[in-house]
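Chemist: Enclosed is the structure file target-v5.txt (compact mmCIF, C-alpha atoms).
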# COMPACT_ATOMS: atom_id res chain seq x y z
CA ASN A 1 5.43 65.94 -311.68
CA ALA A 2 8.45 64.74 -309.70
CA GLY A 3 7.42 66.29 -306.36
CA VAL A 4 9.83 65.23 -303.60
CA THR A 5 12.51 62.77 -304.71
CA GLN A 6 14.62 60.79 -302.27
CA THR A 7 17.64 58.67 -303.09
CA PRO A 8 18.56 55.96 -302.44
CA LYS A 9 15.41 53.97 -301.69
CA PHE A 10 17.30 51.29 -299.77
CA GLN A 11 20.71 51.32 -298.10
CA VAL A 12 22.69 49.02 -295.85
CA LEU A 13 25.55 50.54 -293.87
CA LYS A 14 28.11 49.15 -291.49
CA THR A 15 28.41 50.68 -288.06
CA GLY A 16 30.69 53.71 -288.22
CA GLN A 17 30.23 54.41 -291.90
CA SER A 18 28.97 57.77 -293.06
CA MET A 19 26.57 58.54 -295.86
CA THR A 20 24.25 61.18 -297.26
CA LEU A 21 20.58 60.74 -297.98
CA GLN A 22 19.52 62.96 -300.83
CA CYS A 23 16.27 64.91 -301.07
CA ALA A 24 15.20 67.19 -303.90
CA GLN A 25 11.94 68.97 -304.59
CA ASP A 26 10.83 70.76 -307.72
CA MET A 27 7.89 72.70 -306.31
CA ASN A 28 9.87 75.75 -305.14
CA HIS A 29 8.81 75.08 -301.56
CA GLU A 30 10.44 77.16 -298.86
CA TYR A 31 10.18 74.58 -296.09
CA MET A 32 11.89 71.20 -296.08
CA SER A 33 12.16 68.65 -293.30
CA TRP A 34 13.57 65.25 -292.48
CA TYR A 35 11.68 62.69 -290.40
CA ARG A 36 12.44 59.20 -289.28
CA GLN A 37 9.77 56.55 -288.86
CA ASP A 38 10.19 53.69 -286.46
CA PRO A 39 7.60 51.00 -285.67
CA GLY A 40 5.10 52.20 -283.08
CA MET A 41 6.71 55.66 -282.89
CA GLY A 42 5.04 57.59 -285.67
CA LEU A 43 7.28 60.08 -287.44
CA ARG A 44 9.82 62.16 -285.56
CA LEU A 45 11.36 65.37 -286.83
CA ILE A 46 15.15 65.29 -287.24
CA HIS A 47 16.03 68.64 -288.86
CA TYR A 48 14.19 71.25 -290.82
CA SER A 49 14.86 74.29 -293.00
CA VAL A 50 12.74 77.36 -293.62
CA GLY A 51 14.78 78.44 -296.62
CA ALA A 52 18.16 78.26 -298.30
CA GLY A 53 20.94 78.80 -295.79
CA ILE A 54 18.69 78.31 -292.76
CA THR A 55 18.42 75.05 -290.81
CA ASP A 56 17.41 74.06 -287.31
CA GLN A 57 17.09 70.99 -285.12
CA GLY A 58 13.97 68.98 -284.55
CA GLU A 59 13.13 66.36 -281.91
CA VAL A 60 15.89 63.84 -282.65
CA PRO A 61 18.87 65.63 -284.28
CA ASN A 62 21.79 63.76 -282.69
CA GLY A 63 23.97 61.92 -285.19
CA TYR A 64 22.65 63.84 -288.20
CA ASN A 65 23.74 66.94 -290.07
CA VAL A 66 21.95 68.96 -292.71
CA SER A 67 22.63 71.89 -294.96
CA ARG A 68 20.53 73.80 -297.46
CA SER A 69 22.52 75.59 -300.11
CA THR A 70 19.64 75.73 -302.61
CA THR A 71 15.87 75.85 -302.39
CA GLU A 72 15.61 72.49 -304.16
CA ASP A 73 17.97 70.28 -302.16
CA PHE A 74 18.12 69.26 -298.52
CA PRO A 75 20.58 66.40 -297.91
CA LEU A 76 20.76 64.52 -294.61
CA ARG A 77 24.18 63.31 -293.51
CA LEU A 78 24.81 60.47 -291.09
CA LEU A 79 28.18 61.16 -289.56
CA SER A 80 28.96 57.75 -288.05
CA ALA A 81 26.14 55.28 -288.51
CA ALA A 82 24.85 53.35 -285.52
CA PRO A 83 22.34 50.47 -285.36
CA SER A 84 19.92 52.85 -283.57
CA GLN A 85 19.71 54.80 -286.82
CA THR A 86 18.11 51.87 -288.61
CA SER A 87 14.83 53.39 -289.74
CA VAL A 88 12.81 54.66 -292.65
CA TYR A 89 13.65 58.26 -293.45
CA PHE A 90 11.20 60.65 -295.08
CA CYS A 91 11.90 64.03 -296.56
CA ALA A 92 9.05 66.51 -296.82
CA SER A 93 8.52 69.95 -298.28
CA SER A 94 5.81 72.58 -297.98
CA TYR A 95 5.16 76.14 -299.06
CA VAL A 96 4.29 79.17 -296.99
CA GLY A 97 0.57 79.32 -296.69
CA LEU A 98 -2.22 78.72 -294.24
CA SER A 99 -3.46 75.62 -296.01
CA SER A 100 -0.05 74.14 -296.68
CA ALA A 101 0.20 70.42 -296.14
CA ALA A 102 3.60 68.80 -296.39
CA PHE A 103 4.46 66.69 -299.43
CA PHE A 104 6.48 63.60 -298.59
CA GLY A 105 9.06 61.71 -300.58
CA GLN A 106 8.89 57.94 -301.02
CA GLY A 107 11.28 57.26 -298.18
CA THR A 108 14.71 55.70 -297.71
CA ARG A 109 14.90 52.43 -295.81
CA LEU A 110 18.23 52.39 -293.98
CA THR A 111 19.68 49.41 -292.17
CA VAL A 112 22.81 49.76 -290.07
CA VAL A 113 24.54 46.47 -289.22
CA GLU B 1 6.83 69.74 -274.90
CA LEU B 2 4.20 69.30 -277.55
CA LYS B 3 2.60 65.86 -277.53
CA VAL B 4 0.12 64.38 -279.93
CA GLU B 5 -1.83 61.33 -278.85
CA GLN B 6 -4.02 59.19 -281.04
CA ASN B 7 -6.43 56.52 -280.05
CA PRO B 8 -7.01 53.83 -280.73
CA LEU B 9 -3.64 52.71 -282.08
CA PHE B 10 -5.17 49.64 -283.70
CA LEU B 11 -8.65 49.37 -285.09
CA SER B 12 -10.26 46.37 -286.71
CA MET B 13 -13.59 47.14 -288.32
CA GLN B 14 -16.14 45.32 -290.36
CA GLU B 15 -17.17 46.70 -293.69
CA GLY B 16 -20.19 48.94 -293.43
CA LYS B 17 -19.54 50.03 -289.85
CA ASN B 18 -18.79 53.50 -288.53
CA TYR B 19 -15.99 54.51 -286.22
CA THR B 20 -14.04 57.51 -284.97
CA ILE B 21 -10.31 58.03 -284.44
CA TYR B 22 -9.33 60.61 -281.85
CA CYS B 23 -6.34 62.94 -281.82
CA ASN B 24 -5.47 64.97 -278.74
CA TYR B 25 -2.62 67.48 -278.62
CA SER B 26 -1.05 69.22 -275.67
CA THR B 27 -0.54 72.83 -276.69
CA THR B 28 -2.27 75.63 -278.53
CA SER B 29 -2.43 75.06 -282.26
CA ASP B 30 -4.83 76.38 -284.88
CA ARG B 31 -3.74 73.94 -287.51
CA LEU B 32 -4.03 70.17 -287.64
CA TYR B 33 -3.27 67.68 -290.39
CA TRP B 34 -4.44 64.17 -291.18
CA TYR B 35 -2.33 61.85 -293.31
CA ARG B 36 -2.80 58.36 -294.66
CA GLN B 37 -0.02 55.81 -295.12
CA ASP B 38 -0.36 52.50 -296.95
CA PRO B 39 2.09 49.72 -296.00
CA GLY B 40 5.56 50.41 -297.37
CA LYS B 41 4.45 53.68 -298.92
CA SER B 42 4.80 57.37 -298.28
CA LEU B 43 2.35 59.67 -296.51
CA GLU B 44 -0.56 61.21 -298.35
CA SER B 45 -2.27 64.35 -297.10
CA LEU B 46 -5.97 63.88 -296.35
CA PHE B 47 -7.10 67.03 -294.55
CA VAL B 48 -5.76 70.35 -293.35
CA LEU B 49 -7.90 71.82 -290.57
CA LEU B 50 -7.20 75.50 -290.06
CA SER B 51 -9.47 76.80 -287.34
CA ASN B 52 -11.74 75.95 -284.48
CA GLY B 53 -14.86 74.21 -285.67
CA ALA B 54 -13.38 73.30 -289.04
CA VAL B 55 -14.97 70.28 -290.65
CA LYS B 56 -13.83 68.65 -293.88
CA GLN B 57 -15.17 65.62 -295.70
CA GLU B 58 -13.81 63.46 -298.47
CA GLY B 59 -15.75 60.37 -299.40
CA ARG B 60 -16.28 58.21 -296.31
CA LEU B 61 -13.89 60.26 -294.16
CA MET B 62 -14.79 63.36 -292.19
CA ALA B 63 -12.37 65.30 -290.01
CA SER B 64 -13.14 67.98 -287.44
CA LEU B 65 -11.16 70.25 -285.14
CA ASP B 66 -11.96 71.66 -281.70
CA THR B 67 -9.05 73.91 -280.74
CA LYS B 68 -10.49 74.69 -277.31
CA ALA B 69 -10.57 71.01 -276.40
CA ARG B 70 -7.32 70.41 -278.37
CA LEU B 71 -9.06 67.54 -280.09
CA SER B 72 -9.50 66.42 -283.65
CA THR B 73 -11.57 63.48 -284.85
CA LEU B 74 -11.49 61.43 -288.03
CA HIS B 75 -14.84 59.77 -288.57
CA ILE B 76 -15.19 56.81 -290.87
CA THR B 77 -18.62 56.13 -292.34
CA ALA B 78 -19.61 52.76 -293.76
CA ALA B 79 -16.05 51.48 -293.92
CA VAL B 80 -14.78 49.66 -296.99
CA HIS B 81 -11.65 47.52 -297.39
CA ASP B 82 -9.87 50.24 -299.40
CA LEU B 83 -9.73 52.39 -296.27
CA SER B 84 -7.35 49.92 -294.61
CA ALA B 85 -4.20 51.93 -293.87
CA THR B 86 -2.46 53.77 -291.05
CA TYR B 87 -3.80 57.23 -290.28
CA PHE B 88 -1.70 59.91 -288.64
CA CYS B 89 -2.64 63.25 -287.18
CA ALA B 90 -0.02 65.98 -286.82
CA VAL B 91 0.30 69.56 -285.59
CA ASP B 92 2.80 72.31 -286.35
CA SER B 93 5.39 72.26 -283.61
CA TYR B 94 5.56 76.04 -283.22
CA GLY B 95 1.99 76.88 -284.10
CA GLY B 96 3.03 78.30 -287.43
CA SER B 97 3.24 77.13 -290.99
CA GLN B 98 6.82 76.00 -290.82
CA GLY B 99 6.29 72.44 -291.90
CA ASN B 100 7.71 71.13 -288.63
CA LEU B 101 5.18 68.56 -287.72
CA ILE B 102 4.75 66.60 -284.53
CA PHE B 103 2.96 63.37 -285.32
CA GLY B 104 0.81 61.03 -283.33
CA LYS B 105 1.85 57.38 -283.33
CA GLY B 106 -0.76 56.51 -285.91
CA THR B 107 -3.91 54.40 -285.98
CA LYS B 108 -3.63 51.20 -287.97
CA LEU B 109 -7.03 50.53 -289.48
CA SER B 110 -7.99 47.14 -290.83
CA VAL B 111 -11.37 46.81 -292.52
CA LYS B 112 -12.57 43.24 -292.87
CA PRO B 113 -15.35 41.90 -295.05
Would you mind writing the file's structure down as structure tokens?
Modeler:
Amino acid sequence: NAGVTQTPKFQVLKTGQSMTLQCAQDMNHEYMSWYRQDPGMGLRLIHYSVGAGITDQGEVPNGYNVSRSTTEDFPLRLLSAAPSQTSVYFCASSYVGLSSAAFFGQGTRLTVV
Amino acid sequence: ELKVEQNPLFLSMQEGKNYTIYCNYSTTSDRLYWYRQDPGKSLESLFVLLSNGAVKQEGRLMASLDTKARLSTLHITAAVHDLSATYFCAVDSYGGSQGNLIFGKGTKLSVKP
């Protein structure tokens, strides 16, 4: 079972560069989300999607774009990387249901220099 | 603004001892989640608590939810070293199953022989 797959696992960017973090899930989950994790801050929601073609902003959306053209994929784009975006990024998915817990990918560790 | 507060943030325990981690949240929610994270790893779902008075147990961990007090507890019984990890509680940001979680900052648990 692949679950939630994130690529790449590690990335170093220069300030101003753009890139896309990939996230794919094979569980046919409706909901997908992106979080960033910083030391002492827990996880903070960046963007989320409740289905293909539908996205919305979370707590910390500035500097990030998302789109959801298929149920399986939910890429996160950094438009112009800044050192403040150095973080570990997690993608998560969940299905519609009262007992639905989110499944998390393995994370992408991003460093912006 | 929905806030989720955990305490303590750091917990050093001896093996065999009991302790409780507390999770307070600031708005009405009928659903609360507990996750575990090992260093450098992803998040693993432990419990989904769906209603007031819900209690769930798995091994040495027991979680409960009091929606009137907006409080959840994670009780550790007779701690063992394998329980060393960071534990997060989270609530749905809009009170629904949309997978948009607001996390506490986490409790880093260290169990020493």
Chemist: Using only C-alpha atoms, what table do you get, as JSON lines, when you list each residue of segment 81-113 of chain A with an atom no more than 9 Å from segment 60-77 of chain A, its nearest pair of atoms, and their distance in Å rounded to one decimal, rows by chain then rising number?
Modeler:
{"residue": "A:Ala81", "atom": "CA", "partner": "A:Gly63", "partner_atom": "CA", "distance": 7.7}
{"residue": "A:Ala82", "atom": "CA", "partner": "A:Gly63", "partner_atom": "CA", "distance": 8.6}
{"residue": "A:Gln85", "atom": "CA", "partner": "A:Gly63", "partner_atom": "CA", "distance": 8.5}
{"residue": "A:Cys91", "atom": "CA", "partner": "A:Phe74", "partner_atom": "CA", "distance": 8.4}
Chemist: Show me the residues around (9.2, 65.7, -281.0) - criterion: an atom at most 10 Å away, all atoms listed in the file counted - as a PyMOL selection string.
Modeler: (chain A and resi 43-46+58-60) or (chain B and resi 1-4+93+100-104)
Chemist: Specify as a list in words all residues of chain A found within 6 Å of chain B, counting all atoms listed in the file.
Modeler: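 Filtering chain A at 6 Å from chain B with all atoms listed in the file gives Met41, Gly42, Leu43 and Gln106 of chain A.
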Chemist: Report the centre and edge lengths, in Å to one decimal, of an axis-aligned box enclosing every atom of segment 66-85 of chain B listed in the file, padded by 3 Å on each side, as lines of an AutoDock Vina configuration file.
Modeler:
center_x = -11.9
center_y = 61.1
center_z = -287.9
size_x = 21.4
size_y = 33.2
size_z = 29.0
Chemist: With a distance cut-off of 8 Å and only C-alpha atoms, select the neighbouring residues of Val112 of chain A, excluding the residue or stretch itself and same-chain residues fewer than 6 positions from it, and output the selection as a list in words.
Modeler: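 Contacts, with the query itself left out: Val12, Leu13, Lys14, Thr15, Ala81, Ala82, Pro83, Ser84, Gln85 and Thr86 of chain A.
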Chemist: Put those residues in a file: C-alpha atoms, as a PDB file, in the coordinates of the input.
Modeler:
ATOM      1  CA  VAL A  12      22.690  49.020-295.850  1.00  0.00           C
ATOM      2  CA  LEU A  13      25.550  50.540-293.870  1.00  0.00           C
ATOM      3  CA  LYS A  14      28.110  49.150-291.490  1.00  0.00           C
ATOM      4  CA  THR A  15      28.410  50.680-288.060  1.00  0.00           C
ATOM      5  CA  ALA A  81      26.140  55.280-288.510  1.00  0.00           C
ATOM      6  CA  ALA A  82      24.850  53.350-285.520  1.00  0.00           C
ATOM      7  CA  PRO A  83      22.340  50.470-285.360  1.00  0.00           C
ATOM      8  CA  SER A  84      19.920  52.850-283.570  1.00  0.00           C
ATOM      9  CA  GLN A  85      19.710  54.800-286.820  1.00  0.00           C
ATOM     10  CA  THR A  86      18.110  51.870-288.610  1.00  0.00           C
TER      11      THR A  86
END
Chemist: Here is a test: counting only C-alpha atoms, which residue of B:Ala63, B:Ala85, B:Ala69, B:Ala78 is nearest to Thr28 of chain B?
Modeler: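 Among the listed residues, B:Ala69 lies closest to Thr28 of chain B.
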Chemist: Determine, counting all atoms listed in the file, which protein, DNA and RNA residues have an atom within 6 Å of an atom of Asn24 of chain B; residues of the same chain fewer than 4 positions away are not included. Present the result as JSON, numbers by chain.
Modeler: {"B": [4, 5, 70, 71]}
Chemist: Using C-alpha atoms, can you write the selected residues to a file as a short mmCIF file (atom, residue, chain, number, x, y, z; two decimals), in the frame of the given file?
Modeler:
data_model
loop_
_atom_site.label_atom_id
_atom_site.label_comp_id
_atom_site.auth_asym_id
_atom_site.auth_seq_id
_atom_site.Cartn_x
_atom_site.Cartn_y
_atom_site.Cartn_z
CA VAL B 4 0.12 64.38 -279.93
CA GLU B 5 -1.83 61.33 -278.85
CA ARG B 70 -7.32 70.41 -278.37
CA LEU B 71 -9.06 67.54 -280.09
#
Chemist: To one decimal place in Å, what is the distance between atom CA of Cys23 of chain B and atom CA of Asn7 of chain B?
Modeler: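 We find that atom CA of Cys23 of chain B and atom CA of Asn7 of chain B lie 6.7 Å from each other.
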Chemist: Which distance in Å separates atom CA of Ser93 of chain A and atom CA of Arg60 of chain B, to one decimal?
Modeler: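 Between atom CA of Ser93 of chain A and atom CA of Arg60 of chain B the gap is 27.5 Å.
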Chemist: Could you check how far atom CA of Ser87 of chain A sits from atom CA of Met32 of chain A, in Å to one decimal?
Modeler: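 Computing the Euclidean distance for atom CA of Ser87 of chain A and atom CA of Met32 of chain A yields 19.1 Å.
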Chemist: Extract, using only C-alpha atoms, all DNA, RNA and protein residues at most 8 Å from segment 72-77 of chain B, discarding same-chain residues fewer than 3 positions from it, and format them as a list of chain:residue names.
Modeler: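 Returned residues: B:Gly16, B:Lys17, B:Asn18, B:Tyr19, B:Thr20, B:Ile21, B:Tyr22, B:Cys23, B:Asn24, B:Leu32, B:Arg60, B:Leu61, B:Met62, B:Ala63, B:Ser64, B:Leu65, B:Asp66.
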